[in-house]
Amino acid sequence: MQEKFDYIIIGGGVVGAMIARWLSRYEGSILLIEKQADIGMGCSSANTAIVHAGYDPVPGSLKALMNVRGNPMWDQLAGELNFAFERRGDYVVAIGDEEIPLVEKLMEQGRQNGVPGMKMLNGAEVRAREKLINPEVSGALWASTGGICDPFQVTVAAAENAVMNGARVMLDTAFEDFIMEGTRIIGVRTNRGDFYARWVINSAGIYSDEVMHKAGVRPEFFIKARRGEYYVFDRADVQIENVLFPVPSSKGKGILVTTTLHENTIVGPNANVIDDKEDSGTTKEGLDELAEGAKKLIPSLNLRYAIATFAGLRPMGNGPTKTPGLNYNNDYIIEIPENVQGLVNLGGIESPGLTSSPAIAEMVVDLLRDAGETLVEKKDWDPIRPARPRFRNMTHKQRQLLCEMDPHFGRVICRCENITEGEIIAEIHAPIPAVTYDAIKRRTWLGTGRCQGGFDMPRVVNILSRELGIPLTEVTKRGSGSEYLFRPTKQVEG
Amino acid sequence: MLAKNTYDVVVIGSGPGGIAAAIAAKQAGADDVLVIERDVELGGILLQCIHNGFGLTSLKEDMPGPGYAQYYIDQAKALGVEFLLDTMVLDVTSQRKLYLSSQEHGYVDLDARALVLAMGCRERTRSQIRIPGMRPNGVFTAGTAQRWVNVEGWMPGKRFVILGSGDIGMIMARRLTFEGAKVERVLEIQSYLSGLTRNYVQCLQDYDIPLQLNYTIKRILGKNRVEAIEAVQVDERWNFVPGSEEIIPCDTLLLSVGLIPENELSRKAGVLLDPITGGPFVDETFQTNVPGIFAAGNVVHVYDLVDWVTSAGFEAGKGAAKFAIAQKQQIARYIPVKAGRNVRYVVPHRLDRLALEQGEVHLQLRVTRPIEEDVWIEVHGEENQIVRRSERYVRPGEMVTVVLRPAHAAEVAKAGSLTVDIYPKSEA
């Protein structure tokens, strides 16, 4: 049987999820394929969780345009999709007088990009707003439109909303090749068979160069992995309440010290270009680099209170190519290429990719419309993805009522983050089922506290086995090959 | 809903410290003693310590962990200690109000006249010692692996490397070997053992498991599951010795790199912690800086032998019972003063019975409505009249004062509460 769709999206990161959600508003069938066991496992799961104001990208670039267009879309998006988002604003902090011109330049760049609500603060004002700031602070750019979000929830919520509106998501489904008729793409070949479509959208993140090359598109565009490492701190010991950037350097926006919506302070990222697109390991040198970077902003930060480290890989597009005059400028690609038909091609969506993702989705819809697609809005399109109860954020009274409605919410499985069995079960049976430990972790924040899952892990593995009806030995951390258990013990003594 | 919402002594945690505290509290005269345990069984971490070596000092017996736990659990049950299982305490205030959650009882709160914190320890994790590398499955703390093997009955790996020469790590090395797994190596960054020598001899030497001192892990390899670790020698300042790196293939890395007293609840109650031990500052009765909140066992500092945990629990339980009893006596000294007929309120709201022995007490009140005729102003107990005087009228705008004198002390002592009534003499 041939399965045919109107649109196939390759890649279930935040960009793919947003595109699915935007397209699901219109008549037409949608398939999103993701090679991993869950959506949002790549760059979308390992970033700084910031909705950028837009002063950072080079004026005139597609990055700048998407950033500045994307930023104001977040309030409505958070309201409709019910994920955590706060427009707290952010600071680019100058340490010492010599950094002031760099911050002023950034502000000027922001003006050119059309960023509203920026202001220069003097050293005393910054010290008043962040008590722990390096006393040598000389000033800061304050961007009131900067925000922070829960990036895991964003991806999940967008994809869930697409599913609610009829889209289909297939996990563990890896793109292998395009199916072409001449220069027209008519489908994709995957490890789970062939799927046909009128349009295929390449949002394969770090692998989007390899995907477009399969269609013969932009052979000189290459993506390198830029690895960013992070420290996460125990909220009981370290409380930074602001989003603090250092002045940027040639390597990127620099090592931030920032709060998150889970109230944990995080430090990072550094930015090291590596060859292996799978090597998301942390390094000693990298972690040392973070410590040094963080101390520039917050000298009192004590690494003793770090509870986790991780690294994410960003898809960095290239600059100049061998062809004279062809320079990708490390900018985004969002296009319908001319040399093939039936492809919407994205590439190099690194930071501020999360911020830009709704604007990118909107642009993809516009490109399709310009290419002659008649997009008819569904009569029953529902933009709302309902929130699920979060025990830890509730008042005593609300908790009491929730437990009365469903006693599973009374059973606390994650002691540090207070995540209950009711929440875990809800995620396992959600529109996009969370079938691995990490999938539950990303959705609920379980296992992210100071014991790092030492307490909850055996309990969650048991719950997954029970709810999914699979043997304990088949429960995984992040998909096939990451099982927890090998065999029963010979006999339990005692 | 729980049967009661106030207990003399509440103990959080049913490990050896908590159970001992409950026993001692009962023996010292506390009426209601409740132990709250988050797991489905009593005993805490002892339940997964199925090896011998428990009770040598206190019971003069060599017992496995669950046996040692059961010995004291039986005593506690015989004394009438109450238990709540599968229940997590989520919040504690400095006034000893607890908020707990369980599938059976839902989300409830209760009050403790005295509280014993006995939450034990948690294990240090990979991030706290900052091991770089990938984040595959197969990196577990030794205690979590011990739970898998000894309580759940499942093997979390086939080929192990253990970092840290703590007792749990060494005991797990032997246990995993019994189970047919291969333990490649135990690595210790320090130049000396961090656990007991007897565990080194009985768990590592006897099973030919190599221990390498001055070694640590440089990085972890493997995307989905651990594939290997890179071991490296360190100098006396813990710097890597170049050229000493060695890749050790394995599928599981166990961490036995230390315990941290589990004091997140203590902090919520305003208990101050010693930065060195990670546990509360305590006095000789194991009372913390917050009156009525005691702490026992590994939540205070990490013990080497369970026997000491038990004896610390006894002290804390005794102290808690004493505090609770004094608290009740204190409460019994006070009787409420209630607004009766035509009275809107009375200040003070309660009265110390002993106060009248010191001198007179003024009860001041306002009436609910004007009464423009002769009235009686009367203070009485449940069955006895204490004072009665008359007034020409009463009005809400004018405060009324009633004086209790030392002469009334005997009558007040008979009353469980005082009520002030004001009514027209015509209605008497």
# chains A, B, ... in the order shown; residues from 1 in each chain; ligands from 1
>>> residues_around(residues="Gly410 in chain A", least_positions_apart="4", cutoff="9 Å", atoms="only C-alpha atoms", output="PyMOL selection string")
(chain A and resi 399-400+402-404+406+420-422) or (chain B and resi 87-88+100-107)
>>> interface_residues(of="chain A", to="chain B", cutoff="6 Å", atoms="only C-alpha atoms", output="list in words")
Gly281, Thr282, Thr283, Lys284, Ile307, Ala308, Gln400, Cys403, Pro407, His408, Gly410, Arg411, Gly454, Gly481, Ser482, Tyr484, Leu485, Phe486, Arg487, Pro488, Thr489, Val492 and Gly494 of chain A
>>> write_last_selection(atoms="C-alpha atoms", output="JSON list (two decimals), in the first residue's frame")
[["chain", "number", "residue", "atom", "x", "y", "z"],
["A", 281, "GLY", "CA", 29.95, 14.74, 25.09],
["A", 282, "THR", "CA", 31.28, 17.29, 27.52],
["A", 283, "THR", "CA", 35.03, 17.79, 27.90],
["A", 284, "LYS", "CA", 37.22, 18.80, 30.79],
["A", 307, "ILE", "CA", 24.10, 19.27, 39.63],
["A", 308, "ALA", "CA", 24.36, 18.49, 35.93],
["A", 400, "GLN", "CA", -5.47, 18.37, 47.48],
["A", 403, "CYS", "CA", -5.30, 14.04, 44.41],
["A", 407, "PRO", "CA", -5.03, 9.44, 43.46],
["A", 408, "HIS", "CA", -2.05, 8.78, 41.15],
["A", 410, "GLY", "CA", -0.66, 11.74, 45.27],
["A", 411, "ARG", "CA", 2.25, 9.43, 44.59],
["A", 454, "GLY", "CA", 18.96, 8.15, 41.48],
["A", 481, "GLY", "CA", 20.31, 0.52, 22.40],
["A", 482, "SER", "CA", 19.87, 2.44, 25.64],
["A", 484, "TYR", "CA", 18.46, -0.21, 31.46],
["A", 485, "LEU", "CA", 18.36, -3.87, 32.36],
["A", 486, "PHE", "CA", 19.88, -7.05, 30.96],
["A", 487, "ARG", "CA", 18.41, -10.00, 32.83],
["A", 488, "PRO", "CA", 16.89, -10.99, 36.15],
["A", 489, "THR", "CA", 19.29, -11.81, 38.96],
["A", 492, "VAL", "CA", 17.50, -12.41, 45.45],
["A", 494, "GLY", "CA", 18.02, -12.41, 52.18]]
>>> closest_residue(among="A:Leu368, A:Val232, A:Ile333, A:Ala94", to="Leu303 in chain A", atoms="only C-alpha atoms")
A:Val232
>>> residues_around(residues="Tyr207 in chain A", least_positions_apart="4", cutoff="9 Å", atoms="only C-alpha atoms", output="list in words")
Ser203, Val211, Met212, Ile223, Lys277, Pro315 and Gly347 of chain A
>>> select_by_dssp(residues="range 146-212 of chain A", states="strand (DSSP E)", output="number ranges by chain")
A: 147-149, 168-170, 175-181, 184-190, 193-202
>>> atom_distance(atom1="CA of Gln190 in chain B", atom2="CA of Ile248 in chain B")
19.6 Å
>>> select_by_dssp(residues="range 55-198 of chain B", states="helix (DSSP H, G or I)", output="ChimeraX atom specification")
/B:65-78,127-129,142-152,167-178,197-198
>>> write_last_selection(atoms="N, CA and C atoms", output="CSV table (one decimal), in the first residue's frame")
chain,number,residue,atom,x,y,z
B,65,GLY,N,21.3,-6.6,56.5
B,65,GLY,CA,20.6,-5.3,56.7
B,65,GLY,C,19.1,-5.5,56.9
B,66,PRO,N,18.4,-6.2,56.1
B,66,PRO,CA,16.9,-6.4,56.3
B,66,PRO,C,16.6,-7.0,57.7
B,67,GLY,N,17.5,-7.9,58.2
B,67,GLY,CA,17.3,-8.6,59.5
B,67,GLY,C,17.4,-7.6,60.6
B,68,TYR,N,18.5,-6.7,60.5
B,68,TYR,CA,18.7,-5.7,61.5
B,68,TYR,C,17.5,-4.7,61.5
B,69,ALA,N,17.1,-4.3,60.3
B,69,ALA,CA,15.9,-3.4,60.3
B,69,ALA,C,14.7,-4.0,61.0
B,70,GLN,N,14.5,-5.3,60.6
B,70,GLN,CA,13.3,-6.0,61.1
B,70,GLN,C,13.3,-6.1,62.7
B,71,TYR,N,14.4,-6.3,63.2
B,71,TYR,CA,14.6,-6.4,64.7
B,71,TYR,C,14.0,-5.2,65.4
B,72,TYR,N,14.3,-4.0,64.8
B,72,TYR,CA,13.8,-2.8,65.5
B,72,TYR,C,12.4,-2.4,65.0
B,73,ILE,N,12.1,-2.8,63.8
B,73,ILE,CA,10.7,-2.5,63.3
B,73,ILE,C,9.7,-3.3,64.2
B,74,ASP,N,10.0,-4.5,64.5
B,74,ASP,CA,9.2,-5.4,65.4
B,74,ASP,C,9.0,-4.7,66.7
B,75,GLN,N,10.1,-4.2,67.3
B,75,GLN,CA,9.9,-3.5,68.6
B,75,GLN,C,9.0,-2.2,68.5
B,76,ALA,N,9.2,-1.5,67.4
B,76,ALA,CA,8.4,-0.3,67.2
B,76,ALA,C,6.9,-0.6,67.1
B,77,LYS,N,6.7,-1.7,66.3
B,77,LYS,CA,5.3,-2.1,66.1
B,77,LYS,C,4.7,-2.5,67.5
B,78,ALA,N,5.4,-3.3,68.3
B,78,ALA,CA,5.0,-3.8,69.6
B,78,ALA,C,4.6,-2.6,70.5
B,127,SER,N,27.6,14.4,38.0
B,127,SER,CA,27.9,15.8,37.7
B,127,SER,C,28.6,16.5,38.9
B,128,GLN,N,28.3,16.0,40.1
B,128,GLN,CA,29.0,16.6,41.2
B,128,GLN,C,30.5,16.4,41.2
B,129,ILE,N,30.9,15.3,40.6
B,129,ILE,CA,32.4,15.1,40.5
B,129,ILE,C,32.8,15.5,39.1
B,142,ALA,N,26.1,3.7,42.9
B,142,ALA,CA,26.1,2.3,43.4
B,142,ALA,C,24.9,1.9,44.2
B,143,GLY,N,24.3,2.8,44.9
B,143,GLY,CA,23.1,2.5,45.6
B,143,GLY,C,21.9,2.3,44.7
B,144,THR,N,21.8,3.0,43.6
B,144,THR,CA,20.7,2.7,42.7
B,144,THR,C,20.8,1.3,42.1
B,145,ALA,N,22.1,1.0,41.7
B,145,ALA,CA,22.3,-0.3,41.2
B,145,ALA,C,22.0,-1.4,42.2
B,146,GLN,N,22.4,-1.1,43.4
B,146,GLN,CA,22.1,-2.0,44.5
B,146,GLN,C,20.6,-2.3,44.7
B,147,ARG,N,19.8,-1.2,44.5
B,147,ARG,CA,18.4,-1.4,44.5
B,147,ARG,C,17.9,-2.3,43.4
B,148,TRP,N,18.4,-2.0,42.2
B,148,TRP,CA,18.0,-2.9,41.1
B,148,TRP,C,18.3,-4.3,41.4
B,149,VAL,N,19.5,-4.6,41.8
B,149,VAL,CA,19.9,-6.0,42.0
B,149,VAL,C,19.2,-6.7,43.2
B,150,ASN,N,19.3,-6.0,44.3
B,150,ASN,CA,18.8,-6.6,45.6
B,150,ASN,C,17.4,-6.5,45.9
B,151,VAL,N,16.7,-5.4,45.4
B,151,VAL,CA,15.3,-5.3,45.7
B,151,VAL,C,14.4,-5.6,44.5
B,152,GLU,N,14.8,-5.1,43.4
B,152,GLU,CA,14.0,-5.4,42.2
B,152,GLU,C,14.3,-6.7,41.5
B,167,ASP,N,32.1,2.1,50.7
B,167,ASP,CA,31.6,0.8,51.1
B,167,ASP,C,30.6,0.2,50.1
B,168,ILE,N,29.6,1.0,49.7
B,168,ILE,CA,28.6,0.5,48.8
B,168,ILE,C,29.2,0.0,47.5
B,169,GLY,N,30.2,0.7,47.0
B,169,GLY,CA,30.8,0.3,45.8
B,169,GLY,C,31.5,-1.0,45.9
B,170,MET,N,32.3,-1.2,47.0
B,170,MET,CA,33.0,-2.4,47.2
B,170,MET,C,32.1,-3.6,47.4
B,171,ILE,N,31.0,-3.3,48.2
B,171,ILE,CA,30.0,-4.4,48.4
B,171,ILE,C,29.3,-4.8,47.1
B,172,MET,N,29.0,-3.8,46.3
B,172,MET,CA,28.4,-4.1,45.0
B,172,MET,C,29.3,-4.8,44.1
B,173,ALA,N,30.6,-4.6,44.2
B,173,ALA,CA,31.6,-5.3,43.3
B,173,ALA,C,31.5,-6.8,43.6
B,174,ARG,N,31.4,-7.1,44.9
B,174,ARG,CA,31.3,-8.6,45.2
B,174,ARG,C,29.9,-9.1,44.8
B,175,ARG,N,28.9,-8.3,45.1
B,175,ARG,CA,27.5,-8.8,44.8
B,175,ARG,C,27.4,-9.1,43.3
B,176,LEU,N,27.9,-8.2,42.5
B,176,LEU,CA,27.8,-8.3,41.0
B,176,LEU,C,28.6,-9.5,40.5
B,177,THR,N,29.7,-9.7,41.2
B,177,THR,CA,30.5,-10.9,40.8
B,177,THR,C,29.8,-12.2,41.1
B,178,PHE,N,29.1,-12.2,42.3
B,178,PHE,CA,28.2,-13.4,42.6
B,178,PHE,C,27.2,-13.6,41.5
B,197,THR,N,38.3,-1.1,55.7
B,197,THR,CA,39.3,-2.1,55.3
B,197,THR,C,38.7,-3.5,55.1
B,198,ARG,N,37.8,-3.8,56.1
B,198,ARG,CA,37.2,-5.2,56.0
B,198,ARG,C,36.5,-5.4,54.7
>>> atom_distance(atom1="CA of Gly146 in chain A", atom2="CA of Ile19 in chain A")
22.8 Å
>>> residues_around(residues="range 319-322 of chain A", least_positions_apart="6", cutoff="8 Å", atoms="only C-alpha atoms", output="VMD selection string")
chain A and resid 220 to 221 328 to 331
>>> residues_around(residues="Arg88 in chain A", least_positions_apart="5", cutoff="12 Å", atoms="only C-alpha atoms", output="ChimeraX atom specification")
/A:50-53,142-149,241-244,258-261
>>> atom_distance(atom1="CA of Leu163 in chain B", atom2="CA of Tyr215 in chain B")
8.8 Å
>>> residues_around(residues="Gly279 in chain B", least_positions_apart="4", cutoff="9 Å", atoms="only C-alpha atoms", output="PyMOL selection string")
chain B and resi 260-263+266+272-275+295+298-302
>>> residues_around(residues="range 37-46 of chain A", least_positions_apart="4", cutoff="9 Å", atoms="only C-alpha atoms", output="ChimeraX atom specification")
/A:11-15,17,151-152,155-156,159,169,171-173,205-206,228-230,310-315,350,353-354,432-436,438-439,442,478-480
>>> decode(residues="range 288-388 of chain B", atoms="C-alpha atoms", output="CSV table (one decimal), in the first residue's frame")
chain,number,residue,atom,x,y,z
B,288,THR,CA,18.5,21.4,65.7
B,289,ASN,CA,18.4,25.2,65.9
B,290,VAL,CA,14.6,25.1,65.4
B,291,PRO,CA,12.9,24.2,68.7
B,292,GLY,CA,11.2,20.8,68.5
B,293,ILE,CA,12.9,19.7,65.4
B,294,PHE,CA,15.4,16.9,66.0
B,295,ALA,CA,17.6,15.0,63.5
B,296,ALA,CA,18.9,11.5,63.7
B,297,GLY,CA,21.3,9.3,61.7
B,298,ASN,CA,22.9,10.0,58.3
B,299,VAL,CA,20.8,13.1,57.9
B,300,VAL,CA,23.2,14.7,60.5
B,301,HIS,CA,26.5,13.3,59.3
B,302,VAL,CA,27.5,10.2,57.4
B,303,TYR,CA,28.1,7.3,59.8
B,304,ASP,CA,30.4,4.3,59.2
B,305,LEU,CA,28.3,1.7,61.2
B,306,VAL,CA,24.6,1.3,61.5
B,307,ASP,CA,24.9,0.7,65.2
B,308,TRP,CA,25.8,4.4,65.8
B,309,VAL,CA,22.8,5.4,63.7
B,310,THR,CA,20.5,3.5,65.9
B,311,SER,CA,22.0,4.9,69.1
B,312,ALA,CA,21.7,8.5,67.7
B,313,GLY,CA,18.1,7.7,66.8
B,314,PHE,CA,17.4,6.7,70.4
B,315,GLU,CA,18.8,10.0,71.7
B,316,ALA,CA,16.8,12.1,69.2
B,317,GLY,CA,13.6,10.2,69.9
B,318,LYS,CA,14.0,10.6,73.6
B,319,GLY,CA,14.6,14.4,73.2
B,320,ALA,CA,11.6,14.6,70.8
B,321,ALA,CA,9.3,12.9,73.3
B,322,LYS,CA,10.4,15.2,76.1
B,323,PHE,CA,9.8,18.2,74.0
B,324,ALA,CA,6.3,17.0,72.9
B,325,ILE,CA,5.3,16.2,76.5
B,326,ALA,CA,6.4,19.6,77.7
B,327,GLN,CA,4.6,21.1,74.8
B,328,LYS,CA,1.3,19.4,75.8
B,329,GLN,CA,1.7,20.5,79.4
B,330,GLN,CA,2.3,24.0,78.2
B,331,ILE,CA,-0.9,23.8,76.0
B,332,ALA,CA,-2.9,22.4,79.0
B,333,ARG,CA,-2.0,25.4,81.1
B,334,TYR,CA,-4.0,27.6,78.8
B,335,ILE,CA,-7.8,27.9,78.6
B,336,PRO,CA,-9.8,29.7,76.0
B,337,VAL,CA,-11.8,32.8,76.8
B,338,LYS,CA,-15.0,32.9,74.7
B,339,ALA,CA,-17.4,35.6,73.7
B,340,GLY,CA,-20.9,34.5,74.9
B,341,ARG,CA,-24.4,36.1,74.8
B,342,ASN,CA,-24.3,39.7,73.3
B,343,VAL,CA,-20.5,39.7,73.4
B,344,ARG,CA,-18.7,40.3,70.1
B,345,TYR,CA,-15.2,39.4,71.3
B,346,VAL,CA,-13.0,39.2,74.4
B,347,VAL,CA,-9.3,40.0,74.8
B,348,PRO,CA,-7.2,38.1,75.8
B,349,HIS,CA,-8.5,35.1,73.8
B,350,ARG,CA,-6.8,32.6,76.1
B,351,LEU,CA,-5.7,32.7,79.7
B,352,ASP,CA,-2.8,31.0,81.5
B,353,ARG,CA,-4.3,29.3,84.5
B,354,LEU,CA,-1.2,30.2,86.5
B,355,ALA,CA,-1.5,33.9,85.7
B,356,LEU,CA,-4.1,34.6,88.5
B,357,GLU,CA,-1.6,33.4,91.1
B,358,GLN,CA,0.6,36.3,90.1
B,359,GLY,CA,-2.0,39.0,90.1
B,360,GLU,CA,-5.2,40.3,88.5
B,361,VAL,CA,-6.2,39.8,84.8
B,362,HIS,CA,-8.3,42.3,82.9
B,363,LEU,CA,-10.8,40.8,80.4
B,364,GLN,CA,-11.8,43.5,77.9
B,365,LEU,CA,-14.7,43.2,75.5
B,366,ARG,CA,-17.2,44.9,73.3
B,367,VAL,CA,-20.9,44.0,73.0
B,368,THR,CA,-22.8,43.2,69.8
B,369,ARG,CA,-25.6,45.7,70.4
B,370,PRO,CA,-26.7,48.5,72.8
B,371,ILE,CA,-28.7,47.3,75.8
B,372,GLU,CA,-30.2,50.4,77.5
B,373,GLU,CA,-31.2,48.8,80.8
B,374,ASP,CA,-29.5,47.1,83.8
B,375,VAL,CA,-27.4,44.2,82.7
B,376,TRP,CA,-25.5,41.4,84.3
B,377,ILE,CA,-21.9,40.9,83.1
B,378,GLU,CA,-21.0,37.3,83.9
B,379,VAL,CA,-17.8,35.2,83.6
B,380,HIS,CA,-18.4,31.4,84.0
B,381,GLY,CA,-16.8,28.1,83.3
B,382,GLU,CA,-18.7,25.1,81.9
B,383,GLU,CA,-20.4,24.5,85.3
B,384,ASN,CA,-19.3,27.2,87.6
B,385,GLN,CA,-19.9,31.0,87.9
B,386,ILE,CA,-16.6,32.9,88.5
B,387,VAL,CA,-17.5,36.6,88.5
B,388,ARG,CA,-20.8,38.5,88.1
